[in-house]
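Colleague: This is the content of start.tsv (TSV, C-alpha atoms (C1' of nucleotides)):
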```
chain	number	residue	atom	x	y	z
X	1	MET	CA	0.00	0.00	0.00
X	2	THR	CA	1.05	3.58	-0.50
X	3	THR	CA	0.51	6.43	1.89
X	4	SER	CA	-1.76	8.16	-0.60
X	5	GLN	CA	-4.44	5.53	0.06
X	6	ILE	CA	-4.89	5.71	3.82
X	7	ARG	CA	-8.47	4.84	4.64
X	8	SER	CA	-8.85	2.75	7.77
X	9	ASP	CA	-7.12	3.13	11.11
X	10	ALA	CA	-5.30	-0.10	10.31
X	11	ASP	CA	-3.90	1.48	7.14
X	12	LEU	CA	-2.92	4.57	9.11
X	13	ALA	CA	-1.15	2.39	11.67
X	14	ILE	CA	0.83	0.67	8.91
X	15	ALA	CA	1.82	3.92	7.23
X	16	LEU	CA	2.84	5.53	10.52
X	17	ARG	CA	4.81	2.48	11.64
X	18	ILE	CA	6.86	2.50	8.45
X	19	ALA	CA	7.46	6.24	8.27
X	20	VAL	CA	8.17	6.73	11.98
X	21	GLY	CA	10.54	3.76	12.13
X	22	ARG	CA	12.51	4.91	9.11
X	23	LEU	CA	12.64	8.54	10.21
X	24	ALA	CA	13.82	7.63	13.70
X	25	ARG	CA	16.63	5.48	12.26
X	26	ARG	CA	17.64	8.32	9.97
X	27	ILE	CA	17.73	10.86	12.81
X	28	ARG	CA	19.71	8.54	15.06
X	29	ALA	CA	22.25	7.97	12.30
X	30	GLU	CA	23.25	11.64	12.55
X	31	ARG	CA	24.97	11.06	15.86
X	32	ALA	CA	27.84	8.91	14.71
X	33	ALA	CA	28.46	10.96	11.61
X	34	LYS	CA	30.31	13.96	12.93
X	35	GLY	CA	33.37	13.06	14.95
X	36	LEU	CA	31.74	13.42	18.36
X	37	PRO	CA	32.82	10.97	21.09
X	38	GLU	CA	31.17	7.63	20.49
X	39	LEU	CA	28.75	6.65	23.23
X	40	SER	CA	26.45	3.65	23.24
X	41	ASP	CA	22.69	4.16	23.38
X	42	THR	CA	22.58	3.39	27.10
X	43	GLN	CA	25.51	5.67	27.85
X	44	PHE	CA	23.99	8.54	25.90
X	45	ALA	CA	20.51	8.03	27.35
X	46	ALA	CA	21.90	7.97	30.89
X	47	LEU	CA	23.89	11.14	30.30
X	48	ALA	CA	20.87	12.87	28.77
X	49	ALA	CA	18.77	11.87	31.78
X	50	LEU	CA	21.38	13.38	34.09
X	51	VAL	CA	21.33	16.60	32.12
X	52	ARG	CA	17.60	16.80	32.71
X	53	HIS	CA	17.38	15.51	36.28
X	54	THR	CA	20.40	16.17	38.41
X	55	ALA	CA	21.67	13.89	41.19
X	56	MET	CA	20.06	10.67	39.99
X	57	THR	CA	21.25	7.34	41.39
X	58	PRO	CA	22.50	4.36	39.34
X	59	GLY	CA	19.34	2.47	40.27
X	60	GLU	CA	17.09	5.25	39.04
X	61	LEU	CA	18.99	5.44	35.76
X	62	ALA	CA	18.77	1.67	35.26
X	63	GLU	CA	15.03	1.77	35.88
X	64	ASN	CA	14.65	4.77	33.61
X	65	GLU	CA	16.50	3.17	30.68
X	66	LYS	CA	15.14	-0.34	31.25
X	67	VAL	CA	18.49	-2.01	31.73
X	68	GLN	CA	19.73	-4.15	34.62
X	69	PRO	CA	21.80	-2.47	37.36
X	70	PRO	CA	25.12	-4.09	36.35
X	71	SER	CA	24.74	-2.74	32.82
X	72	MET	CA	24.21	0.75	34.18
X	73	THR	CA	27.21	0.35	36.48
X	74	ARG	CA	29.36	-0.24	33.39
X	75	ALA	CA	27.84	2.64	31.45
X	76	ILE	CA	28.42	4.99	34.39
X	77	ALA	CA	32.04	3.85	34.67
X	78	VAL	CA	32.67	4.78	31.02
X	79	LEU	CA	30.99	8.18	31.40
X	80	GLU	CA	33.01	8.87	34.54
X	81	GLU	CA	36.31	7.87	32.88
X	82	ARG	CA	35.59	10.33	30.10
X	83	GLY	CA	34.80	13.14	32.51
X	84	LEU	CA	31.15	13.39	31.49
X	85	LEU	CA	29.70	12.82	34.96
X	86	THR	CA	30.80	12.92	38.59
X	87	ARG	CA	29.81	10.95	41.67
X	88	ALA	CA	28.91	12.35	45.07
X	89	PRO	CA	27.80	10.69	48.28
X	90	HIS	CA	24.04	10.45	48.63
X	91	PRO	CA	22.81	12.93	51.26
X	92	ARG	CA	20.77	10.45	53.32
X	93	ASP	CA	21.60	6.90	52.25
X	94	LYS	CA	25.24	5.81	52.28
X	95	ARG	CA	24.46	2.87	49.97
X	96	GLN	CA	23.43	5.13	47.14
X	97	VAL	CA	25.40	7.45	44.87
X	98	ALA	CA	24.30	10.81	43.46
X	99	LEU	CA	25.40	11.31	39.85
X	100	THR	CA	25.69	14.65	38.08
X	101	ALA	CA	26.58	15.54	34.50
X	102	THR	CA	29.68	17.72	34.17
X	103	ALA	CA	29.83	20.78	31.94
X	104	ALA	CA	31.50	18.57	29.30
X	105	GLY	CA	28.66	16.06	29.61
X	106	ARG	CA	25.98	18.68	29.22
X	107	SER	CA	27.79	20.17	26.25
X	108	LEU	CA	28.08	16.80	24.52
X	109	VAL	CA	24.36	16.09	24.91
X	110	GLU	CA	23.54	19.49	23.47
X	111	GLN	CA	25.88	19.02	20.53
X	112	VAL	CA	24.37	15.67	19.62
X	113	ARG	CA	20.87	17.11	19.84
X	114	ARG	CA	21.84	20.06	17.70
X	115	LEU	CA	23.28	17.76	15.04
X	116	ARG	CA	20.08	15.75	14.87
X	117	GLU	CA	17.86	18.79	14.86
X	118	ALA	CA	19.96	20.51	12.22
X	119	TRP	CA	19.57	17.55	9.90
X	120	LEU	CA	15.82	17.51	10.47
X	121	ALA	CA	15.52	21.29	10.07
X	122	ARG	CA	17.31	21.07	6.71
X	123	ARG	CA	14.88	18.40	5.57
X	124	LEU	CA	11.95	20.52	6.77
X	125	ARG	CA	13.10	23.48	4.69
X	126	GLU	CA	12.84	21.27	1.61
X	127	LEU	CA	9.11	20.79	2.23
X	128	SER	CA	6.36	23.14	1.10
X	129	ALA	CA	4.85	25.61	3.57
X	130	GLN	CA	1.69	23.54	3.52
X	131	GLU	CA	3.53	20.31	4.32
X	132	ARG	CA	5.29	22.01	7.22
X	133	SER	CA	1.99	23.25	8.60
X	134	VAL	CA	0.62	19.71	8.43
X	135	LEU	CA	3.58	18.53	10.51
X	136	ARG	CA	3.17	21.44	12.92
X	137	ALA	CA	-0.37	20.25	13.59
X	138	ALA	CA	0.71	16.62	13.84
X	139	ALA	CA	3.61	17.08	16.24
X	140	PRO	CA	1.47	17.40	19.40
X	141	VAL	CA	-0.60	14.39	18.34
X	142	LEU	CA	2.51	12.29	17.76
X	143	ASP	CA	3.78	13.41	21.13
X	144	LYS	CA	0.56	12.32	22.78
X	145	LEU	CA	0.68	8.96	20.97
X	146	SER	CA	4.24	8.37	22.09
X	147	GLN	CA	3.32	8.89	25.72
X	148	SER	CA	0.53	6.34	25.86
O	1	MET	CA	9.41	23.84	25.24
O	2	THR	CA	6.05	22.20	24.79
O	3	THR	CA	4.55	21.05	21.56
O	4	SER	CA	1.76	23.60	21.89
O	5	GLN	CA	4.25	26.39	21.16
O	6	ILE	CA	5.78	25.34	17.86
O	7	ARG	CA	6.73	28.46	15.96
O	8	SER	CA	9.97	28.13	14.04
O	9	ASP	CA	11.22	25.24	11.94
O	10	ALA	CA	13.86	24.69	14.61
O	11	ASP	CA	11.12	24.25	17.22
O	12	LEU	CA	9.28	21.90	14.90
O	13	ALA	CA	12.48	19.87	14.39
O	14	ILE	CA	12.91	19.56	18.16
O	15	ALA	CA	9.32	18.50	18.76
O	16	LEU	CA	9.39	15.97	15.93
O	17	ARG	CA	12.73	14.53	17.01
O	18	ILE	CA	11.44	13.88	20.52
O	19	ALA	CA	8.05	12.48	19.52
O	20	VAL	CA	9.30	10.35	16.64
O	21	GLY	CA	12.16	8.91	18.66
O	22	ARG	CA	9.93	7.99	21.57
O	23	LEU	CA	7.17	6.60	19.38
O	24	ALA	CA	9.60	4.45	17.39
O	25	ARG	CA	11.04	3.00	20.61
O	26	ARG	CA	7.55	2.27	21.87
O	27	ILE	CA	6.54	0.49	18.66
O	28	ARG	CA	9.73	-1.58	18.58
O	29	ALA	CA	9.17	-2.65	22.17
O	30	GLU	CA	6.05	-4.52	21.07
O	31	ARG	CA	8.13	-7.18	19.34
O	32	ALA	CA	9.72	-8.80	22.35
O	33	ALA	CA	6.56	-8.65	24.39
O	34	LYS	CA	4.55	-11.54	23.05
O	35	GLY	CA	6.41	-14.83	23.11
O	36	LEU	CA	7.49	-14.75	19.48
O	37	PRO	CA	10.94	-16.16	18.66
O	38	GLU	CA	13.58	-13.62	19.60
O	39	LEU	CA	15.49	-12.29	16.61
O	40	SER	CA	18.09	-9.54	16.64
O	41	ASP	CA	17.52	-6.38	14.61
O	42	THR	CA	19.80	-7.57	11.83
O	43	GLN	CA	18.21	-11.01	11.74
O	44	PHE	CA	14.71	-9.57	11.58
O	45	ALA	CA	15.63	-6.94	9.00
O	46	ALA	CA	17.28	-9.57	6.78
O	47	LEU	CA	14.28	-11.84	7.04
O	48	ALA	CA	11.91	-8.97	6.26
O	49	ALA	CA	14.01	-8.06	3.22
O	50	LEU	CA	13.78	-11.67	2.01
O	51	VAL	CA	10.02	-11.60	2.41
O	52	ARG	CA	9.92	-8.59	0.14
O	53	HIS	CA	12.60	-9.49	-2.40
O	54	THR	CA	13.09	-13.18	-2.98
O	55	ALA	CA	16.40	-14.86	-3.83
O	56	MET	CA	18.71	-12.19	-2.42
O	57	THR	CA	22.36	-13.02	-1.79
O	58	PRO	CA	24.22	-12.59	1.53
O	59	GLY	CA	26.18	-9.72	0.01
O	60	GLU	CA	23.04	-7.88	-1.04
O	61	LEU	CA	21.54	-8.33	2.42
O	62	ALA	CA	24.70	-7.02	4.08
O	63	GLU	CA	24.71	-3.99	1.81
O	64	ASN	CA	21.00	-3.45	2.40
O	65	GLU	CA	21.26	-3.53	6.21
O	66	LYS	CA	24.60	-1.71	6.40
O	67	VAL	CA	26.49	-4.48	8.16
O	68	GLN	CA	29.72	-6.23	7.16
O	69	PRO	CA	29.47	-9.56	5.31
O	70	PRO	CA	30.63	-11.71	8.26
O	71	SER	CA	27.88	-10.26	10.44
O	72	MET	CA	25.31	-11.20	7.82
O	73	THR	CA	26.80	-14.68	7.50
O	74	ARG	CA	26.07	-15.22	11.20
O	75	ALA	CA	22.58	-13.77	11.01
O	76	ILE	CA	21.79	-16.02	8.04
O	77	ALA	CA	23.11	-19.08	9.89
O	78	VAL	CA	20.72	-18.41	12.80
O	79	LEU	CA	17.75	-17.88	10.48
O	80	GLU	CA	18.61	-21.08	8.61
O	81	GLU	CA	18.94	-23.12	11.84
O	82	ARG	CA	15.48	-21.94	12.87
O	83	GLY	CA	13.97	-22.90	9.52
O	84	LEU	CA	13.13	-19.31	8.59
O	85	LEU	CA	15.08	-19.26	5.32
O	86	THR	CA	16.60	-21.70	2.84
O	87	ARG	CA	19.65	-21.57	0.60
O	88	ALA	CA	19.81	-22.45	-3.08
O	89	PRO	CA	22.66	-22.35	-5.58
O	90	HIS	CA	22.86	-19.09	-7.49
O	91	PRO	CA	21.71	-19.66	-11.08
O	92	ARG	CA	24.76	-18.13	-12.81
O	93	ASP	CA	27.55	-17.61	-10.28
O	94	LYS	CA	28.68	-20.57	-8.18
O	95	ARG	CA	30.29	-18.25	-5.62
O	96	GLN	CA	26.98	-16.73	-4.66
O	97	VAL	CA	23.99	-18.09	-2.74
O	98	ALA	CA	20.30	-17.37	-3.33
O	99	LEU	CA	18.33	-17.02	-0.07
O	100	THR	CA	14.58	-17.38	0.28
O	101	ALA	CA	12.27	-16.97	3.27
O	102	THR	CA	10.34	-20.12	4.17
O	103	ALA	CA	6.62	-20.09	4.93
O	104	ALA	CA	7.55	-20.00	8.62
O	105	GLY	CA	9.81	-17.01	7.99
O	106	ARG	CA	7.14	-15.09	6.13
O	107	SER	CA	4.63	-15.91	8.83
O	108	LEU	CA	6.92	-14.67	11.59
O	109	VAL	CA	7.54	-11.35	9.85
O	110	GLU	CA	3.81	-10.87	9.41
O	111	GLN	CA	3.08	-11.70	13.04
O	112	VAL	CA	5.63	-9.18	14.30
O	113	ARG	CA	4.21	-6.52	12.01
O	114	ARG	CA	0.69	-7.28	13.12
O	115	LEU	CA	1.69	-6.97	16.79
O	116	ARG	CA	3.22	-3.57	16.21
O	117	GLU	CA	0.36	-2.33	14.12
O	118	ALA	CA	-2.22	-3.63	16.56
O	119	TRP	CA	-0.61	-1.68	19.37
O	120	LEU	CA	-0.55	1.45	17.26
O	121	ALA	CA	-4.14	0.95	16.04
O	122	ARG	CA	-5.32	0.67	19.67
O	123	ARG	CA	-3.59	3.94	20.49
O	124	LEU	CA	-5.12	5.57	17.41
O	125	ARG	CA	-8.61	4.59	18.52
O	126	GLU	CA	-8.03	6.55	21.74
O	127	LEU	CA	-7.56	9.75	19.75
O	128	SER	CA	-10.33	12.03	18.58
O	129	ALA	CA	-11.53	11.85	14.98
O	130	GLN	CA	-9.88	15.20	14.36
O	131	GLU	CA	-6.54	14.06	15.74
O	132	ARG	CA	-6.66	10.99	13.53
O	133	SER	CA	-7.35	13.10	10.47
O	134	VAL	CA	-4.34	15.27	11.32
O	135	LEU	CA	-2.20	12.14	11.40
O	136	ARG	CA	-3.73	10.88	8.17
O	137	ALA	CA	-2.60	14.09	6.49
O	138	ALA	CA	0.81	13.92	8.13
O	139	ALA	CA	1.65	10.31	7.29
O	140	PRO	CA	2.63	10.98	3.65
O	141	VAL	CA	4.74	13.97	4.71
O	142	LEU	CA	6.55	11.92	7.36
O	143	ASP	CA	7.11	9.24	4.75
O	144	LYS	CA	8.62	11.80	2.37
O	145	LEU	CA	10.83	13.19	5.16
O	146	SER	CA	12.08	9.73	6.03
O	147	GLN	CA	13.16	9.08	2.46
O	148	SER	CA	15.31	12.17	2.05
J	1	DT	C1'	16.27	-9.32	56.41
J	2	DA	C1'	15.88	-6.23	52.49
J	3	DT	C1'	17.99	-2.98	49.39
J	4	DT	C1'	21.78	-0.54	46.65
J	5	DG	C1'	25.50	-1.01	44.09
J	6	DT	C1'	29.46	-3.70	42.36
J	7	DT	C1'	32.16	-7.72	40.71
J	8	DA	C1'	32.48	-12.23	38.28
J	9	DT	C1'	31.24	-14.58	34.39
J	10	DA	C1'	28.93	-15.91	30.12
J	11	DC	C1'	26.35	-14.90	25.93
J	12	DT	C1'	25.23	-12.12	21.79
J	13	DC	C1'	26.30	-9.07	18.13
J	14	DT	C1'	29.59	-6.72	15.38
J	15	DA	C1'	33.97	-5.86	13.17
J	16	DT	C1'	38.71	-6.75	10.88
J	17	DA	C1'	41.84	-10.08	8.94
J	18	DA	C1'	42.77	-14.29	6.78
J	19	DC	C1'	41.18	-18.07	3.96
J	20	DT	C1'	38.55	-20.88	0.16
J	21	DA	C1'	36.20	-21.27	-4.04
J	22	DT	C1'	34.92	-19.24	-8.24
J	23	DA	C1'	35.05	-15.55	-11.95
D	1	DT	C1'	43.80	-10.81	-9.99
D	2	DA	C1'	39.30	-9.72	-8.21
D	3	DT	C1'	35.00	-11.06	-5.96
D	4	DA	C1'	31.52	-13.78	-2.83
D	5	DG	C1'	31.22	-15.99	1.14
D	6	DT	C1'	33.02	-18.10	5.30
D	7	DT	C1'	36.00	-18.89	9.39
D	8	DA	C1'	38.99	-17.11	13.18
D	9	DT	C1'	39.38	-13.93	16.58
D	10	DA	C1'	38.67	-9.80	19.35
D	11	DG	C1'	35.92	-5.87	21.26
D	12	DA	C1'	31.70	-3.85	23.09
D	13	DG	C1'	27.30	-4.41	25.43
D	14	DT	C1'	23.99	-6.84	28.24
D	15	DA	C1'	22.34	-10.32	31.47
D	16	DT	C1'	22.22	-13.47	35.68
D	17	DA	C1'	24.37	-14.83	39.99
D	18	DA	C1'	27.05	-13.88	43.88
D	19	DC	C1'	28.92	-10.50	47.06
D	20	DA	C1'	29.77	-6.20	50.19
D	21	DA	C1'	27.95	-2.34	52.52
D	22	DT	C1'	24.14	-0.10	54.49
D	23	DA	C1'	19.16	0.40	55.98
```
How would this structure read if it were set down as structure tokens?
Modeller:
Amino acid sequence: MTTSQIRSDADLAIALRIAVGRLARRIRAERAAKGLPELSDTQFAALAALVRHTAMTPGELAENEKVQPPSMTRAIAVLEERGLLTRAPHPRDKRQVALTATAAGRSLVEQVRRLREAWLARRLRELSAQERSVLRAAAPVLDKLSQS
Amino acid sequence: MTTSQIRSDADLAIALRIAVGRLARRIRAERAAKGLPELSDTQFAALAALVRHTAMTPGELAENEKVQPPSMTRAIAVLEERGLLTRAPHPRDKRQVALTATAAGRSLVEQVRRLREAWLARRLRELSAQERSVLRAAAPVLDKLSQS
DNA sequence: TATTGTTATACTCTATAACTATA
DNA sequence: TATAGTTATAGAGTATAACAATA
């Protein structure tokens, strides 16, 4: 089927699955391209979470990224070696550790995001004004879908 | 920023990046959920390519999925062990191998797709008719974006 | 006793290099 | 000589199980 023949919700689901999957892969591919430090998905996701929520613990990060605690331990070790995060004692619980992104860590997350967004913004400029306005209307709906 | 305040193309790029990335992860997560045979991304992508284009060679599959030939050799070996594809001599070139998905392979690819689309179709039914029509208009534009 | 985090160990996936068979 | 595919081997990432420190 082609996307110009979307009738039922089932057809819409198929068209969205294909387009969203391919677009997400294309956006993700922009990370590796530009000589930035290579981080795995888990490492990057953990660092991005720390940029957003400061002083998270390894357990919270593991839960957040749906990996097992030992996997997060390893990811954190790599990020610490590269100076992208620091550890501090947890204020109340001596078993836990409070992690914080360094300035270098925050900067790296921003650079990667800018790369991805720049690629997408270039593609958007190649669309017609009408196509862009369709996407502008769709963005909040896609966001809602993604949160369900 | 929230998606209700999308003004510039840069803002639109940010909103789309976030929503598309999250939605793609959510759709992909439906594969593992339901007791189907576990296949890696490369294995599944190779099998899906064989469902679409019959009698591909290992080299074509490797090129198609952007992996090195030895990685595809391994993926093919797993798919063959599980009875999801079969090998045949290449008609002209004895160095090459012609691969074909078995009935079981085709069936598995369809089941995984149905799972993902069913999840998405359920989410779509929770939207208003107007939201669905916005997505219906956006699907071809997203498709075009993803192909650039 | 339960929980947080780490270490030990094994499995999977991918890559590069070397090899075999065919063109 | 060059090409298609495979085998050998190593590196990165994740998981389960076992352990130490703390609650």
Colleague: At what distance in Å, to one decimal, does CA of Ala104 in chain X lie from CA of Glu80 in chain X?
Modeller: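 Rounded to one decimal, the two atoms are 11.1 Å apart.
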Colleague: Quick one: contact table of range 42-117 of chain X to range 2-19 of chain D, 10 Å max, nearest atom pair and distance in Å to one decimal per residue, counting only C-alpha atoms (C1' of nucleotides), chain and number order, as a tab-separated table?
Modeller:
```
residue	atom	partner	partner_atom	distance
X:Thr42	CA	D:DG13	C1'	9.3
X:Val67	CA	D:DT14	C1'	8.1
X:Gln68	CA	D:DA15	C1'	7.4
X:Pro69	CA	D:DA15	C1'	9.8
X:Pro70	CA	D:DA15	C1'	8.4
X:Ser71	CA	D:DT14	C1'	6.2
X:Met72	CA	D:DT14	C1'	9.6
X:Arg74	CA	D:DG13	C1'	9.2
X:Ala75	CA	D:DG13	C1'	9.3
```
Colleague: With C-alpha atoms retained, could you export that selection as an mmCIF file, in the coordinates of the input?
Modeller:
```
data_model
loop_
_atom_site.group_PDB
_atom_site.id
_atom_site.type_symbol
_atom_site.label_atom_id
_atom_site.label_comp_id
_atom_site.auth_asym_id
_atom_site.auth_seq_id
_atom_site.Cartn_x
_atom_site.Cartn_y
_atom_site.Cartn_z
ATOM 1 C CA THR X 42 22.580 3.390 27.100
ATOM 2 C CA VAL X 67 18.490 -2.010 31.730
ATOM 3 C CA GLN X 68 19.730 -4.150 34.620
ATOM 4 C CA PRO X 69 21.800 -2.470 37.360
ATOM 5 C CA PRO X 70 25.120 -4.090 36.350
ATOM 6 C CA SER X 71 24.740 -2.740 32.820
ATOM 7 C CA MET X 72 24.210 0.750 34.180
ATOM 8 C CA ARG X 74 29.360 -0.240 33.390
ATOM 9 C CA ALA X 75 27.840 2.640 31.450
#
```
Colleague: For Val51 in chain X, work out the shell of residues within 6 Å, counting only C-alpha atoms (C1' of nucleotides) and skipping chain neighbours fewer than 2 positions away, then give it as a short mmCIF file (atom, residue, chain, number, x, y, z; two decimals) with C-alpha atoms, in the coordinates of the input.
Modeller:
```
data_model
loop_
_atom_site.label_atom_id
_atom_site.label_comp_id
_atom_site.auth_asym_id
_atom_site.auth_seq_id
_atom_site.Cartn_x
_atom_site.Cartn_y
_atom_site.Cartn_z
CA ALA X 48 20.87 12.87 28.77
CA ALA X 49 18.77 11.87 31.78
CA HIS X 53 17.38 15.51 36.28
CA ALA X 101 26.58 15.54 34.50
CA ARG X 106 25.98 18.68 29.22
#
```
Colleague: Give me, please, the distance in Å between CA of Phe44 in chain O and CA of Pro89 in chain O, quoted to one decimal.
Modeller: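 Separation of CA of Phe44 in chain O and CA of Pro89 in chain O: 22.8 Å.
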Colleague: Superposition of chain X onto chain O by least squares over all sequentially paired C-alpha atoms; the transformed chain is requested as a compact mmCIF listing (two decimals) with C-alpha atoms, in the frame of the given file.
Modeller:
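Produced file result_26.txt, reproduced below:
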```
# COMPACT_ATOMS: atom_id res chain seq x y z
CA MET X 1 9.70 23.76 25.12
CA THR X 2 6.33 22.15 24.68
CA THR X 3 4.78 21.03 21.45
CA SER X 4 2.01 23.59 21.82
CA GLN X 5 4.51 26.36 21.04
CA ILE X 6 5.97 25.28 17.71
CA ARG X 7 6.91 28.36 15.75
CA SER X 8 10.13 28.01 13.80
CA ASP X 9 11.34 25.09 11.72
CA ALA X 10 13.99 24.56 14.38
CA ASP X 11 11.27 24.14 17.01
CA LEU X 12 9.41 21.77 14.71
CA ALA X 13 12.58 19.73 14.22
CA ILE X 14 13.03 19.44 17.99
CA ALA X 15 9.43 18.42 18.61
CA LEU X 16 9.48 15.86 15.80
CA ARG X 17 12.82 14.41 16.89
CA ILE X 18 11.52 13.80 20.40
CA ALA X 19 8.12 12.43 19.45
CA VAL X 20 9.33 10.26 16.56
CA GLY X 21 12.20 8.80 18.60
CA ARG X 22 9.96 7.93 21.52
CA LEU X 23 7.19 6.51 19.35
CA ALA X 24 9.59 4.34 17.37
CA ARG X 25 11.05 2.91 20.60
CA ARG X 26 7.56 2.20 21.87
CA ILE X 27 6.52 0.42 18.67
CA ARG X 28 9.69 -1.65 18.58
CA ALA X 29 9.14 -2.72 22.18
CA GLU X 30 6.01 -4.59 21.08
CA ARG X 31 8.07 -7.25 19.37
CA ALA X 32 9.66 -8.85 22.38
CA ALA X 33 6.50 -8.71 24.43
CA LYS X 34 4.49 -11.59 23.09
CA GLY X 35 6.35 -14.87 23.15
CA LEU X 36 7.42 -14.82 19.51
CA PRO X 37 10.87 -16.23 18.67
CA GLU X 38 13.52 -13.73 19.64
CA LEU X 39 15.46 -12.38 16.69
CA SER X 40 18.03 -9.61 16.75
CA ASP X 41 17.42 -6.44 14.75
CA THR X 42 19.73 -7.58 11.96
CA GLN X 43 18.17 -11.03 11.83
CA PHE X 44 14.66 -9.62 11.68
CA ALA X 45 15.55 -6.95 9.12
CA ALA X 46 17.23 -9.53 6.88
CA LEU X 47 14.23 -11.84 7.09
CA ALA X 48 11.85 -8.98 6.35
CA ALA X 49 13.94 -8.02 3.32
CA LEU X 50 13.73 -11.60 2.06
CA VAL X 51 9.98 -11.58 2.46
CA ARG X 52 9.85 -8.53 0.23
CA HIS X 53 12.55 -9.39 -2.31
CA THR X 54 13.06 -13.06 -2.93
CA ALA X 55 16.39 -14.70 -3.78
CA MET X 56 18.67 -12.03 -2.34
CA THR X 57 22.34 -12.83 -1.73
CA PRO X 58 24.19 -12.43 1.60
CA GLY X 59 26.12 -9.52 0.12
CA GLU X 60 22.96 -7.71 -0.92
CA LEU X 61 21.46 -8.19 2.54
CA ALA X 62 24.62 -6.90 4.23
CA GLU X 63 24.59 -3.82 2.01
CA ASN X 64 20.88 -3.34 2.59
CA GLU X 65 21.15 -3.48 6.39
CA LYS X 66 24.47 -1.64 6.60
CA VAL X 67 26.37 -4.40 8.33
CA GLN X 68 29.62 -6.10 7.32
CA PRO X 69 29.42 -9.40 5.41
CA PRO X 70 30.62 -11.58 8.32
CA SER X 71 27.85 -10.22 10.52
CA MET X 72 25.28 -11.11 7.90
CA THR X 73 26.81 -14.57 7.52
CA ARG X 74 26.11 -15.16 11.22
CA ALA X 75 22.59 -13.76 11.06
CA ILE X 76 21.79 -15.97 8.06
CA ALA X 77 23.14 -19.03 9.88
CA VAL X 78 20.75 -18.41 12.79
CA LEU X 79 17.77 -17.88 10.48
CA GLU X 80 18.63 -21.05 8.58
CA GLU X 81 18.99 -23.12 11.78
CA ARG X 82 15.53 -22.00 12.81
CA GLY X 83 14.01 -22.90 9.47
CA LEU X 84 13.14 -19.32 8.56
CA LEU X 85 15.08 -19.22 5.30
CA THR X 86 16.63 -21.61 2.80
CA ARG X 87 19.69 -21.43 0.57
CA ALA X 88 19.87 -22.27 -3.12
CA PRO X 89 22.69 -22.11 -5.62
CA HIS X 90 22.85 -18.84 -7.51
CA PRO X 91 21.70 -19.35 -11.11
CA ARG X 92 24.72 -17.72 -12.80
CA ASP X 93 27.48 -17.19 -10.25
CA LYS X 94 28.68 -20.19 -8.24
CA ARG X 95 30.27 -17.90 -5.63
CA GLN X 96 26.95 -16.44 -4.62
CA VAL X 97 23.98 -17.89 -2.73
CA ALA X 98 20.29 -17.18 -3.32
CA LEU X 99 18.33 -16.89 -0.06
CA THR X 100 14.57 -17.28 0.28
CA ALA X 101 12.26 -16.91 3.27
CA THR X 102 10.33 -20.08 4.13
CA ALA X 103 6.62 -20.09 4.89
CA ALA X 104 7.55 -20.04 8.60
CA GLY X 105 9.78 -17.02 7.99
CA ARG X 106 7.11 -15.11 6.14
CA SER X 107 4.57 -15.95 8.83
CA LEU X 108 6.86 -14.73 11.61
CA VAL X 109 7.46 -11.39 9.88
CA GLU X 110 3.74 -10.93 9.43
CA GLN X 111 3.01 -11.77 13.05
CA VAL X 112 5.54 -9.27 14.34
CA ARG X 113 4.14 -6.58 12.06
CA ARG X 114 0.62 -7.34 13.16
CA LEU X 115 1.60 -7.05 16.81
CA ARG X 116 3.15 -3.64 16.25
CA GLU X 117 0.30 -2.39 14.15
CA ALA X 118 -2.28 -3.67 16.61
CA TRP X 119 -0.66 -1.72 19.41
CA LEU X 120 -0.58 1.42 17.27
CA ALA X 121 -4.17 0.92 16.08
CA ARG X 122 -5.34 0.67 19.70
CA ARG X 123 -3.57 3.92 20.51
CA LEU X 124 -5.11 5.56 17.44
CA ARG X 125 -8.62 4.62 18.56
CA GLU X 126 -7.99 6.56 21.77
CA LEU X 127 -7.49 9.77 19.76
CA SER X 128 -10.25 12.08 18.58
CA ALA X 129 -11.48 11.89 14.99
CA GLN X 130 -9.81 15.22 14.37
CA GLU X 131 -6.46 14.05 15.73
CA ARG X 132 -6.63 10.96 13.53
CA SER X 133 -7.32 13.08 10.47
CA VAL X 134 -4.29 15.22 11.29
CA LEU X 135 -2.16 12.07 11.36
CA ARG X 136 -3.75 10.81 8.15
CA ALA X 137 -2.58 13.99 6.45
CA ALA X 138 0.85 13.81 8.06
CA ALA X 139 1.64 10.19 7.24
CA PRO X 140 2.61 10.81 3.59
CA VAL X 141 4.74 13.79 4.63
CA LEU X 142 6.54 11.75 7.27
CA ASP X 143 7.08 9.05 4.69
CA LYS X 144 8.60 11.55 2.30
CA LEU X 145 10.83 12.95 5.06
CA SER X 146 12.05 9.49 5.96
CA GLN X 147 13.11 8.79 2.40
CA SER X 148 15.31 11.84 1.97
```
Colleague: Can I get the residues of chain J within 9 Å of chain X, each with the closest pair of atoms and their distance in Å to one decimal, using all atoms listed in the file, sorted chain first then ascending number, as JSON lines?
Modeller:
```
{"residue": "J:DT3", "atom": "C1'", "partner": "X:Arg95", "partner_atom": "CA", "distance": 8.7}
{"residue": "J:DT4", "atom": "C1'", "partner": "X:Arg95", "partner_atom": "CA", "distance": 5.5}
{"residue": "J:DG5", "atom": "C1'", "partner": "X:Arg95", "partner_atom": "CA", "distance": 7.1}
{"residue": "J:DT6", "atom": "C1'", "partner": "X:Pro70", "partner_atom": "CA", "distance": 7.4}
```
Colleague: Taking only C-alpha atoms (C1' of nucleotides) into account, name the residue in X:Val109, X:Leu79, X:Ala103, X:Leu39 that is nearest to chain D.
Modeller: X:Leu39
Colleague: In Å, with one decimal, what is the gap from CA of Ala55 in chain X to CA of Gln43 in chain X?
Modeller: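 Going from CA of Ala55 in chain X over to CA of Gln43 in chain X, I get 16.1 Å.
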